[in-house]
$ cat work_10.cif   # mmCIF, C-alpha atoms
data_query
#
loop_
_atom_site.label_atom_id
_atom_site.label_comp_id
_atom_site.auth_asym_id
_atom_site.auth_seq_id
_atom_site.Cartn_x
_atom_site.Cartn_y
_atom_site.Cartn_z
CA MET A 23 0.00 0.00 0.00
CA SER A 24 2.79 2.45 0.92
CA ARG A 25 4.45 1.84 -2.46
CA LEU A 26 1.17 2.59 -4.27
CA ILE A 27 0.77 5.82 -2.33
CA GLY A 28 4.33 6.80 -3.26
CA VAL A 29 3.64 6.22 -6.96
CA LEU A 30 0.47 8.30 -6.81
CA LEU A 31 2.24 11.14 -5.01
CA GLY A 32 4.98 11.07 -7.62
CA ALA A 33 2.43 11.36 -10.42
CA LEU A 34 0.78 14.29 -8.69
CA LEU A 35 4.15 16.01 -8.29
CA LEU A 36 4.86 15.72 -11.99
CA THR A 37 1.47 17.21 -12.86
CA ALA A 38 1.95 20.10 -10.44
CA CYS A 39 5.40 20.88 -11.83
CA VAL A 40 4.04 21.13 -15.35
CA GLY A 41 1.50 23.65 -14.02
CA SER A 42 -1.59 22.26 -15.72
CA ARG A 43 -3.31 19.04 -16.74
CA PRO A 44 -1.20 16.22 -18.21
CA SER A 45 -2.94 16.76 -21.55
CA THR A 46 -1.00 20.02 -21.95
CA VAL A 47 1.97 17.97 -23.08
CA ALA A 48 0.03 15.87 -25.57
CA ARG A 49 1.73 15.63 -28.95
CA ALA A 50 -0.96 17.79 -30.60
CA ASP A 51 -0.06 20.69 -28.30
CA VAL A 52 3.74 20.66 -28.58
CA ARG A 53 6.11 21.51 -31.40
CA ASP A 54 8.45 18.61 -30.59
CA ALA A 55 7.95 15.94 -27.92
CA ARG A 56 11.77 15.64 -27.55
CA GLU A 57 12.31 19.37 -26.93
CA LEU A 58 12.54 21.16 -23.58
CA ILE A 59 12.58 24.96 -23.32
CA VAL A 60 14.22 26.54 -20.27
CA MET A 61 14.30 30.18 -19.15
CA VAL A 62 17.18 31.30 -16.96
CA ALA A 63 18.09 34.70 -15.58
CA GLY A 64 21.59 35.83 -16.44
CA ALA A 65 24.28 33.71 -18.08
CA PRO A 66 23.08 30.22 -19.09
CA ASP A 67 26.48 28.52 -18.61
CA GLU A 68 25.60 26.66 -15.40
CA LEU A 69 22.27 25.51 -16.84
CA ILE A 70 23.86 24.24 -20.05
CA SER A 71 26.68 22.50 -18.21
CA ASN A 72 24.36 20.73 -15.76
CA ALA A 73 21.88 19.78 -18.50
CA GLU A 74 24.56 18.37 -20.78
CA ASN A 75 26.00 16.37 -17.88
CA LEU A 76 22.53 14.83 -17.51
CA GLY A 77 22.48 13.84 -21.17
CA TYR A 78 20.63 16.81 -22.71
CA ALA A 79 21.84 18.29 -25.99
CA THR A 80 21.74 22.07 -26.41
CA ARG A 81 19.77 23.14 -29.48
CA SER A 82 19.76 26.92 -29.25
CA VAL A 83 20.39 29.88 -26.94
CA ARG A 84 18.29 33.02 -27.39
CA PRO A 85 18.78 36.05 -25.11
CA LEU A 86 15.64 37.94 -24.09
CA GLU A 87 17.35 41.08 -22.84
CA GLU A 88 14.25 43.14 -22.15
CA LEU A 89 12.64 40.30 -20.18
CA GLY A 90 15.83 39.66 -18.19
CA ASP A 91 16.09 36.02 -19.26
CA VAL A 92 17.81 33.68 -21.68
CA LEU A 93 15.79 31.06 -23.57
CA VAL A 94 17.63 27.75 -23.99
CA ALA A 95 16.30 24.81 -26.00
CA PHE A 96 17.46 21.25 -25.28
CA THR A 97 16.89 17.81 -26.76
CA ILE A 98 15.55 15.55 -24.01
CA PRO A 99 17.48 12.29 -23.40
CA GLU A 100 15.86 9.11 -24.65
CA GLY A 101 13.48 7.53 -22.15
CA LEU A 102 12.46 10.79 -20.44
CA SER A 103 9.04 12.39 -20.87
CA ILE A 104 8.58 16.17 -20.91
CA PRO A 105 7.13 16.26 -17.36
CA GLU A 106 10.04 14.18 -16.09
CA ALA A 107 12.53 16.45 -17.84
CA ILE A 108 10.90 19.55 -16.34
CA VAL A 109 11.27 18.16 -12.81
CA GLN A 110 14.87 17.04 -13.42
CA ILE A 111 16.11 20.36 -14.83
CA GLU A 112 14.31 22.56 -12.28
CA GLU A 113 15.78 20.46 -9.47
CA ALA A 114 19.27 20.53 -11.01
CA VAL A 115 19.31 24.31 -11.48
CA PRO A 116 17.09 26.14 -8.94
CA GLY A 117 15.48 29.33 -10.22
CA VAL A 118 15.04 28.27 -13.85
CA THR A 119 11.65 27.69 -15.47
CA ALA A 120 11.36 24.67 -17.75
CA GLY A 121 8.47 23.72 -20.00
CA ALA A 122 7.23 22.10 -23.16
CA HIS A 123 7.48 23.91 -26.48
CA HIS A 124 3.71 24.42 -26.62
CA VAL A 125 2.07 25.70 -29.78
CA TYR A 126 -0.76 28.23 -30.09
CA ARG A 127 -3.39 28.57 -32.80
CA LEU A 128 -5.14 31.53 -34.42
CA GLN A 129 -8.70 32.02 -33.16
CA ALA A 130 -10.47 32.81 -36.42
CA ASN A 131 -12.76 30.58 -38.44
CA PRO A 132 -13.26 30.24 -42.21
CA PHE A 133 -14.99 33.07 -43.99
CA THR A 134 -18.77 33.01 -44.00
CA ALA A 135 -20.98 33.76 -46.96
CA SER A 136 -22.42 37.08 -45.85
CA GLY A 137 -21.71 39.91 -43.46
CA ALA A 138 -22.49 43.49 -42.53
CA ASN A 139 -20.33 46.47 -41.61
CA TYR A 140 -21.93 46.89 -38.18
CA ALA A 141 -18.96 46.72 -35.82
CA ASN A 142 -17.96 50.41 -35.57
CA GLY A 143 -21.58 51.43 -35.11
CA LEU A 144 -22.13 48.85 -32.38
CA ILE A 145 -19.30 50.22 -30.25
CA GLY A 146 -19.83 53.89 -31.19
CA TRP A 147 -16.51 54.29 -33.05
CA ARG A 148 -16.54 57.28 -35.39
CA ASP A 149 -16.19 56.70 -39.14
CA ASP A 150 -12.99 58.70 -39.66
CA GLY A 151 -11.05 56.79 -37.05
CA CYS A 152 -9.02 57.90 -34.07
CA ARG A 153 -5.38 58.37 -33.10
CA ALA A 154 -3.67 56.04 -30.62
CA VAL A 155 -2.09 57.50 -27.49
CA ARG A 156 -0.14 54.28 -26.80
CA ARG A 157 2.23 52.36 -29.08
CA VAL A 158 0.44 49.36 -30.61
CA GLY A 159 1.86 45.91 -31.30
CA LEU A 160 0.58 42.78 -33.06
CA ILE A 161 1.71 39.18 -32.43
CA ASP A 162 0.33 37.17 -35.36
CA LYS A 163 1.22 36.00 -38.84
CA ALA A 164 3.71 38.23 -40.60
CA LEU A 165 2.11 40.78 -42.90
CA PRO A 166 2.61 40.55 -46.67
CA GLN A 167 5.01 43.02 -48.24
CA ALA A 168 2.17 44.87 -49.97
CA HIS A 169 -1.03 45.73 -48.13
CA ASP A 170 -3.10 48.53 -49.68
CA HIS A 171 -5.75 48.72 -46.96
CA LEU A 172 -3.95 50.18 -43.95
CA ALA A 173 -5.05 53.78 -44.49
CA SER A 174 -2.49 56.17 -43.01
CA GLY A 175 -1.01 53.58 -40.69
CA ARG A 176 2.60 52.45 -40.96
CA VAL A 177 4.01 49.01 -40.18
CA VAL A 178 7.33 48.17 -38.52
CA GLN A 179 7.75 44.42 -38.79
CA LYS A 180 10.06 41.65 -37.59
CA SER A 181 9.60 37.91 -38.10
CA PHE A 182 10.62 35.22 -35.62
CA VAL A 183 9.93 32.22 -37.86
CA ALA A 184 11.17 31.04 -41.24
CA PRO A 185 9.84 33.01 -44.23
CA GLN A 186 6.33 31.93 -45.22
CA PRO A 187 4.72 31.97 -48.69
CA PRO A 188 2.76 35.20 -49.30
CA ALA A 189 -0.53 33.29 -49.51
CA ASN A 190 -0.09 32.25 -45.87
CA ALA A 191 0.27 35.79 -44.54
CA GLU A 192 -3.35 36.92 -44.62
CA HIS A 193 -4.49 36.58 -40.98
CA GLY A 194 -1.95 39.12 -39.77
CA ALA A 195 -3.01 41.48 -42.55
CA GLN A 196 -6.66 41.09 -41.55
CA MET A 197 -5.90 41.93 -37.91
CA ALA A 198 -3.80 44.89 -39.05
CA SER A 199 -6.76 46.21 -41.06
CA LEU A 200 -8.90 46.19 -37.89
CA LEU A 201 -6.19 48.04 -36.00
CA ILE A 202 -4.86 50.64 -38.46
CA GLY A 203 -7.12 50.24 -41.50
CA ALA A 204 -9.54 52.84 -42.84
CA GLY A 205 -11.73 54.20 -40.04
CA ARG A 206 -9.71 52.54 -37.28
CA LEU A 207 -6.54 53.90 -35.60
CA SER A 208 -5.23 56.65 -37.88
CA ASP A 209 -1.66 57.99 -38.21
CA THR A 210 -0.52 55.10 -36.03
CA VAL A 211 2.58 52.90 -36.29
CA LEU A 212 1.86 49.18 -35.89
CA TYR A 213 4.71 47.03 -34.61
CA SER A 214 4.06 43.62 -36.15
CA ALA A 215 5.80 40.51 -34.80
CA GLY A 216 5.46 37.49 -37.10
CA VAL A 217 5.32 34.25 -35.08
CA VAL A 218 2.96 31.96 -37.02
CA GLU A 219 4.22 29.36 -39.46
CA GLU A 220 2.72 26.52 -41.45
CA SER A 221 4.14 23.02 -41.22
CA ARG A 222 4.49 20.65 -44.16
CA ALA A 223 1.35 18.93 -42.87
CA GLY A 224 -0.56 22.21 -43.18
CA ASP A 225 -0.84 22.85 -39.42
CA THR A 226 -0.63 26.59 -38.69
CA THR A 227 0.76 27.36 -35.23
CA ALA A 228 3.05 29.62 -33.22
CA GLY A 229 5.61 28.16 -30.83
CA VAL A 230 6.16 29.50 -27.34
CA SER A 231 9.79 30.43 -28.19
CA ALA A 232 8.74 32.66 -31.10
CA ILE A 233 6.05 34.32 -28.97
CA LEU A 234 8.55 35.09 -26.20
CA GLU A 235 11.06 36.48 -28.68
CA ALA A 236 8.27 38.65 -30.11
CA VAL A 237 7.36 39.98 -26.66
CA ASN A 238 11.01 40.78 -26.02
CA TRP A 239 11.32 42.65 -29.35
CA LEU A 240 8.10 44.61 -28.76
CA ALA A 241 9.52 45.68 -25.40
CA THR A 242 12.62 47.02 -27.17
CA GLN A 243 10.28 49.12 -29.33
CA ASP A 244 8.51 50.54 -26.25
CA VAL A 245 5.20 49.01 -27.38
CA GLU A 246 2.49 49.49 -24.77
CA VAL A 247 -0.59 47.59 -26.04
CA VAL A 248 -0.27 44.22 -27.81
CA ASN A 249 -2.97 42.40 -29.80
CA ILE A 250 -2.79 38.56 -29.71
CA SER A 251 -5.16 36.26 -31.60
CA LEU A 252 -3.49 33.03 -30.48
CA ALA A 253 -4.77 30.52 -27.93
CA GLY A 254 -3.56 27.27 -26.46
CA PRO A 255 -2.52 25.53 -23.22
CA ARG A 256 -1.09 27.09 -20.09
CA ASN A 257 2.69 27.31 -20.24
CA LYS A 258 5.01 28.37 -17.40
CA LEU A 259 7.57 29.83 -19.80
CA LEU A 260 4.98 32.01 -21.51
CA ASN A 261 3.68 33.10 -18.14
CA ARG A 262 7.15 34.06 -16.90
CA GLY A 263 8.02 36.15 -19.94
CA MET A 264 4.67 37.84 -20.45
CA GLU A 265 4.22 38.60 -16.76
CA ARG A 266 7.61 40.32 -16.70
CA ALA A 267 6.58 42.48 -19.67
CA ALA A 268 3.22 43.23 -18.03
CA ASP A 269 4.98 44.25 -14.82
CA ASP A 270 7.00 46.69 -16.94
CA GLY A 271 3.79 48.25 -18.31
CA MET A 272 2.89 46.23 -21.42
CA ILE A 273 -0.85 45.55 -21.83
CA PHE A 274 -1.77 42.31 -23.60
CA VAL A 275 -5.19 41.96 -25.23
CA ALA A 276 -5.92 38.38 -26.30
CA ALA A 277 -8.63 36.28 -27.93
CA ALA A 278 -10.48 34.13 -25.39
CA GLY A 279 -10.61 31.16 -27.78
CA ASN A 280 -13.01 29.39 -30.14
CA GLN A 281 -13.10 25.95 -28.49
CA GLY A 282 -16.70 26.30 -27.22
CA ALA A 283 -18.49 27.31 -24.03
CA SER A 284 -17.50 24.19 -22.09
CA ALA A 285 -13.81 24.30 -23.05
CA PRO A 286 -11.18 25.01 -20.38
CA PRO A 287 -9.60 28.47 -20.22
CA GLN A 288 -7.24 29.22 -23.09
CA PHE A 289 -3.93 31.02 -22.78
CA PRO A 290 -2.52 33.63 -22.89
CA ALA A 291 -6.00 35.17 -22.52
CA ALA A 292 -6.60 33.43 -19.19
CA PHE A 293 -3.47 34.80 -17.54
CA PRO A 294 -4.63 37.34 -14.90
CA TYR A 295 -2.57 40.20 -16.38
CA VAL A 296 -4.10 39.78 -19.89
CA VAL A 297 -7.36 41.35 -21.12
CA ALA A 298 -9.44 38.39 -22.39
CA VAL A 299 -11.83 39.18 -25.25
CA THR A 300 -14.94 37.28 -26.35
CA ALA A 301 -17.01 37.87 -29.50
CA VAL A 302 -20.62 38.88 -30.12
CA ASP A 303 -22.73 39.31 -33.25
CA SER A 304 -24.81 42.27 -34.42
CA ALA A 305 -27.72 41.14 -32.19
CA LEU A 306 -25.39 41.06 -29.15
CA GLU A 307 -25.52 37.26 -28.96
CA VAL A 308 -22.28 35.60 -27.92
CA TYR A 309 -20.35 33.79 -30.65
CA ASP A 310 -21.45 30.17 -30.49
CA ARG A 311 -17.88 28.82 -30.35
CA ALA A 312 -16.50 31.28 -27.80
CA VAL A 313 -14.85 29.98 -24.65
CA GLN A 314 -16.61 31.13 -21.49
CA GLY A 315 -15.58 31.48 -17.85
CA ALA A 316 -14.49 33.80 -15.08
CA GLN A 317 -11.40 34.78 -17.11
CA ILE A 318 -13.49 36.71 -19.69
CA ASP A 319 -12.98 40.46 -19.30
CA VAL A 320 -14.85 42.10 -22.17
CA ALA A 321 -16.85 41.49 -25.36
CA ALA A 322 -16.52 43.05 -28.82
CA PRO A 323 -18.00 42.56 -32.30
CA GLY A 324 -16.51 39.35 -33.73
CA VAL A 325 -19.08 37.64 -35.97
CA ASP A 326 -19.19 38.36 -39.72
CA ILE A 327 -16.61 41.13 -39.44
CA LEU A 328 -15.40 42.86 -42.59
CA VAL A 329 -11.61 42.73 -42.86
CA GLN A 330 -9.09 43.68 -45.52
CA ASP A 331 -6.06 41.76 -46.67
CA SER A 332 -3.79 41.93 -49.71
CA THR A 333 -6.51 40.36 -51.88
CA GLY A 334 -9.35 42.68 -50.84
CA THR A 335 -12.37 42.42 -48.55
CA ARG A 336 -13.11 39.28 -46.52
CA ILE A 337 -15.54 38.29 -43.79
CA LEU A 338 -14.21 36.76 -40.58
CA SER A 339 -15.71 35.32 -37.38
CA GLY A 340 -14.14 34.41 -34.04
CA THR A 341 -12.73 35.85 -30.85
CA SER A 342 -9.69 36.69 -32.98
CA ALA A 343 -11.80 39.15 -35.00
CA ALA A 344 -13.13 40.77 -31.80
CA THR A 345 -9.79 41.40 -30.13
CA PRO A 346 -8.57 44.37 -32.24
CA PHE A 347 -11.65 46.42 -31.30
CA VAL A 348 -10.64 46.20 -27.65
CA THR A 349 -6.96 46.79 -28.42
CA ALA A 350 -7.84 49.93 -30.38
CA SER A 351 -10.15 51.25 -27.65
CA ILE A 352 -7.44 50.83 -25.02
CA ALA A 353 -4.75 52.32 -27.26
CA ALA A 354 -6.87 55.39 -28.07
CA ASN A 355 -8.15 56.09 -24.56
CA SER A 356 -6.22 59.13 -23.34
CA GLY A 357 -7.73 58.71 -19.87
CA TRP A 358 -5.96 55.34 -19.62
CA LYS A 359 -2.58 56.55 -20.87
CA ALA A 360 -0.83 56.05 -17.53
CA LEU A 361 -2.86 53.08 -16.25
CA SER A 362 -1.45 49.62 -15.63
CA VAL A 363 -3.22 46.54 -16.96
CA GLU A 364 -4.73 45.92 -13.52
CA GLU A 365 -6.14 49.45 -13.49
CA VAL A 366 -7.42 49.11 -17.08
CA LYS A 367 -9.22 45.87 -16.23
CA GLU A 368 -10.73 47.45 -13.14
CA ASP A 369 -11.86 50.49 -15.16
CA LEU A 370 -13.39 48.50 -18.04
CA ARG A 371 -16.86 48.97 -16.54
CA THR A 372 -16.63 52.69 -17.34
CA ILE A 373 -16.22 52.01 -21.07
CA THR A 374 -18.47 48.97 -21.55
CA ARG A 375 -22.17 48.39 -22.09
CA ASP A 376 -23.57 45.71 -19.81
CA ILE A 377 -25.22 43.15 -22.10
CA GLY A 378 -25.33 40.01 -19.96
CA ALA A 379 -26.22 39.31 -16.37
CA PRO A 380 -25.83 42.47 -14.27
CA GLY A 381 -22.17 43.19 -13.61
CA GLN A 382 -19.30 40.83 -14.44
CA ASP A 383 -20.37 37.49 -15.92
CA ASP A 384 -18.75 34.42 -17.47
CA VAL A 385 -20.15 35.05 -20.96
CA PHE A 386 -19.55 38.76 -21.67
CA GLY A 387 -17.19 39.79 -18.87
CA GLN A 388 -17.78 43.46 -18.04
CA GLY A 389 -19.87 43.85 -21.22
CA LEU A 390 -19.54 45.23 -24.74
CA ILE A 391 -16.54 47.50 -25.31
CA GLN A 392 -17.36 51.07 -26.32
CA ALA A 393 -15.24 53.66 -28.09
CA PRO A 394 -13.40 56.08 -25.79
CA ALA A 395 -14.70 59.66 -25.73
CA ALA A 396 -12.08 60.90 -28.20
CA CYS A 397 -13.19 58.34 -30.82
CA ARG A 398 -16.96 58.89 -30.78
#

$ encode --input "work_10.cif" --output "structure tokens"
Amino acid sequence: MSRLIGVLLGALLLTACVGSRPSTVARADVRDARELIVMVAGAPDELISNAENLGYATRSVRPLEELGDVLVAFTIPEGLSIPEAIVQIEEAVPGVTAGAHHVYRLQANPFTASGANYANGLIGWRDDGCRAVRRVGLIDKALPQAHDHLASGRVVQKSFVAPQPPANAEHGAQMASLLIGAGRLSDTVLYSAGVVEESRAGDTTAGVSAILEAVNWLATQDVEVVNISLAGPRNKLLNRGMERAADDGMIFVAAAGNQGASAPPQFPAAFPYVVAVTAVDSALEVYDRAVQGAQIDVAAPGVDILVQDSTGTRILSGTSAATPFVTASIAANSGWKALSVEEVKEDLRTITRDIGAPGQDDVFGQGLIQAPAACR
């Protein structure tokens, strides 16, 4: 009996060290089941030496200067699972954070057959757009070289993945059109970090390493509000890097996810320092695939939304399509210029329309985002 109890306690310890359910290291959720990502403050020499003595092979070393960490990728020795490797490395080198190379997916669904240009009217955003008072960033697919639908906005771009064919670059362009396109944020620079790539099997994802490198780069550009349309499992590495950036003043606005009402919270939206956005249609009904729960902060138009990419006008649905409306409202709100993300989340009730149960609820959060006074 005592041996059985010991085995069970060991299994629980492994689960706790991963920081979420065992399914978070399922093959479908990781880039490589033989890869371990470790974040270490300062020089990585001790980490690398100890890991290699344990049989790990160093794959890459990427400094994240603005986040105060170094990102080191290792190949896990044969016979070790990811949870076992996490425990081994964190015990060998106290203070490091080890985790799986989780992948995150865009939260937009295929184009529908019809749509209406209702979104700006629903949130009271004026037709000629509005200037941002905070620097705006985008973590998404890289934008194509030519995009004729960004009005007076300008793009500064850096990619953290291998070059992708132009045809695969449209989601980032669509999100950019909702941020700095005609009638949106005018005379605004968009700092675009390309993190999404398509595998040979056609799976389109972003790895946690690319996302962290993007956050680090956006911090070097003094970006203050970041739009993220990606969702996936909880990851300790992502939490460590993004929380550091949030502590330094960066506000993340993320899609809540399209996995359905009964799905577990999706990340990074469910991190407490991130503004989690759900989607509604023109009748103020919640998007039927939207994730729900106490982590939802705010709702925005996200069903049959008109977007622009390098090929012209498209129609998009999902919490991904809703997120830029919240990002733009935060970026253009001069009254929030000096507020932290905690203060912004607390003050959301002053710039939302309550459309669900009275007060905060698990479906709509604080309610439907509204344009700040300067943009009405």

$ atom_distance --input "work_10.cif" --atom1 "CA of Gly340 (chain A)" --atom2 "CA of Asp244 (chain A)"
28.9 Å

$ closest_residue --input "work_10.cif" --among "A:Ala95, A:Val313, A:Val125, A:Ala298" --to "Val230 (chain A)" --atoms "all atoms listed in the file"
A:Val125

$ resolve_selection --input "work_10.cif" --expression "the PyMOL selection byres ((chain A and resi 291) around 10)" --output "mmCIF file with C-alpha atoms, keeping the file's coordinate frame"
data_model
loop_
_atom_site.group_PDB
_atom_site.id
_atom_site.type_symbol
_atom_site.label_atom_id
_atom_site.label_comp_id
_atom_site.auth_asym_id
_atom_site.auth_seq_id
_atom_site.Cartn_x
_atom_site.Cartn_y
_atom_site.Cartn_z
ATOM 1 C CA ILE A 250 -2.790 38.560 -29.710
ATOM 2 C CA SER A 251 -5.160 36.260 -31.600
ATOM 3 C CA LEU A 252 -3.490 33.030 -30.480
ATOM 4 C CA ALA A 253 -4.770 30.520 -27.930
ATOM 5 C CA GLY A 254 -3.560 27.270 -26.460
ATOM 6 C CA ARG A 256 -1.090 27.090 -20.090
ATOM 7 C CA PHE A 274 -1.770 42.310 -23.600
ATOM 8 C CA VAL A 275 -5.190 41.960 -25.230
ATOM 9 C CA ALA A 276 -5.920 38.380 -26.300
ATOM 10 C CA ALA A 277 -8.630 36.280 -27.930
ATOM 11 C CA ALA A 278 -10.480 34.130 -25.390
ATOM 12 C CA GLY A 279 -10.610 31.160 -27.780
ATOM 13 C CA PRO A 287 -9.600 28.470 -20.220
ATOM 14 C CA GLN A 288 -7.240 29.220 -23.090
ATOM 15 C CA PHE A 289 -3.930 31.020 -22.780
ATOM 16 C CA PRO A 290 -2.520 33.630 -22.890
ATOM 17 C CA ALA A 292 -6.600 33.430 -19.190
ATOM 18 C CA PHE A 293 -3.470 34.800 -17.540
ATOM 19 C CA PRO A 294 -4.630 37.340 -14.900
ATOM 20 C CA TYR A 295 -2.570 40.200 -16.380
ATOM 21 C CA VAL A 296 -4.100 39.780 -19.890
ATOM 22 C CA VAL A 297 -7.360 41.350 -21.120
ATOM 23 C CA ALA A 298 -9.440 38.390 -22.390
ATOM 24 C CA VAL A 299 -11.830 39.180 -25.250
ATOM 25 C CA THR A 300 -14.940 37.280 -26.350
ATOM 26 C CA GLN A 317 -11.400 34.780 -17.110
ATOM 27 C CA ILE A 318 -13.490 36.710 -19.690
ATOM 28 C CA ASP A 319 -12.980 40.460 -19.300
#

$ residues_near_point --input "work_10.cif" --point "(-12.5, 50.1, -20.4)" --cutoff "12 Å" --atoms "all atoms listed in the file" --output "ChimeraX atom specification"
/A:145,275,297,299,319-322,347-359,361,363-376,387-395

$ resolve_selection --input "work_10.cif" --expression "the PyMOL selection byres ((chain A and resi 235) around 12)" --output "ChimeraX atom specification"
/A:61,83-94,161,180-183,215-217,228-234,236-242,259-260,263-264,267

$ atom_distance --input "work_10.cif" --atom1 "CA of Pro105 (chain A)" --atom2 "CA of Ala122 (chain A)"
8.2 Å

$ closest_atom_pairs --input "work_10.cif" --of "region 197-306 of chain A" --to "region 325-328 of chain A" --cutoff "8 Å" --atoms "all atoms listed in the file" --output "CSV"
residue,atom,partner,partner_atom,distance
A:Ala301,CA,A:Val325,CA,6.8
A:Val302,CA,A:Val325,CA,6.2
A:Asp303,CA,A:Val325,CA,4.8
A:Ser304,CA,A:Val325,CA,7.5

$ write_last_selection --input "work_10.cif" --atoms "C-alpha atoms" --output "short mmCIF file (atom, residue, chain, number, x, y, z; two decimals), keeping the file's coordinate frame"
data_model
loop_
_atom_site.label_atom_id
_atom_site.label_comp_id
_atom_site.auth_asym_id
_atom_site.auth_seq_id
_atom_site.Cartn_x
_atom_site.Cartn_y
_atom_site.Cartn_z
CA ALA A 301 -17.01 37.87 -29.50
CA VAL A 302 -20.62 38.88 -30.12
CA ASP A 303 -22.73 39.31 -33.25
CA SER A 304 -24.81 42.27 -34.42
#

$ build_atoms --input "work_10.cif" --residues "region 233-245 of chain A" --atoms "N, CA and C atoms" --output "compact mmCIF listing (two decimals), in the frame of the given file"
# COMPACT_ATOMS: atom_id res chain seq x y z
N ILE A 233 6.89 33.34 -29.66
CA ILE A 233 6.05 34.32 -28.97
C ILE A 233 6.87 35.10 -27.95
N LEU A 234 7.72 34.41 -27.20
CA LEU A 234 8.55 35.09 -26.20
C LEU A 234 9.56 36.02 -26.85
N GLU A 235 10.15 35.60 -27.96
CA GLU A 235 11.06 36.48 -28.68
C GLU A 235 10.32 37.71 -29.20
N ALA A 236 9.07 37.53 -29.63
CA ALA A 236 8.27 38.65 -30.11
C ALA A 236 7.98 39.63 -28.98
N VAL A 237 7.61 39.12 -27.81
CA VAL A 237 7.36 39.98 -26.66
C VAL A 237 8.61 40.78 -26.31
N ASN A 238 9.75 40.11 -26.31
CA ASN A 238 11.01 40.78 -26.02
C ASN A 238 11.29 41.90 -27.02
N TRP A 239 11.08 41.63 -28.32
CA TRP A 239 11.32 42.65 -29.35
C TRP A 239 10.35 43.82 -29.19
N LEU A 240 9.08 43.53 -28.94
CA LEU A 240 8.10 44.61 -28.76
C LEU A 240 8.48 45.49 -27.57
N ALA A 241 9.06 44.88 -26.53
CA ALA A 241 9.52 45.68 -25.40
C ALA A 241 10.65 46.61 -25.80
N THR A 242 11.54 46.15 -26.70
CA THR A 242 12.62 47.02 -27.17
C THR A 242 12.09 48.20 -27.97
N GLN A 243 10.90 48.05 -28.54
CA GLN A 243 10.28 49.12 -29.33
C GLN A 243 9.35 50.00 -28.49
N ASP A 244 9.36 49.77 -27.19
CA ASP A 244 8.51 50.54 -26.25
C ASP A 244 7.03 50.42 -26.58
N VAL A 245 6.61 49.25 -27.09
CA VAL A 245 5.20 49.01 -27.38
C VAL A 245 4.44 48.87 -26.06
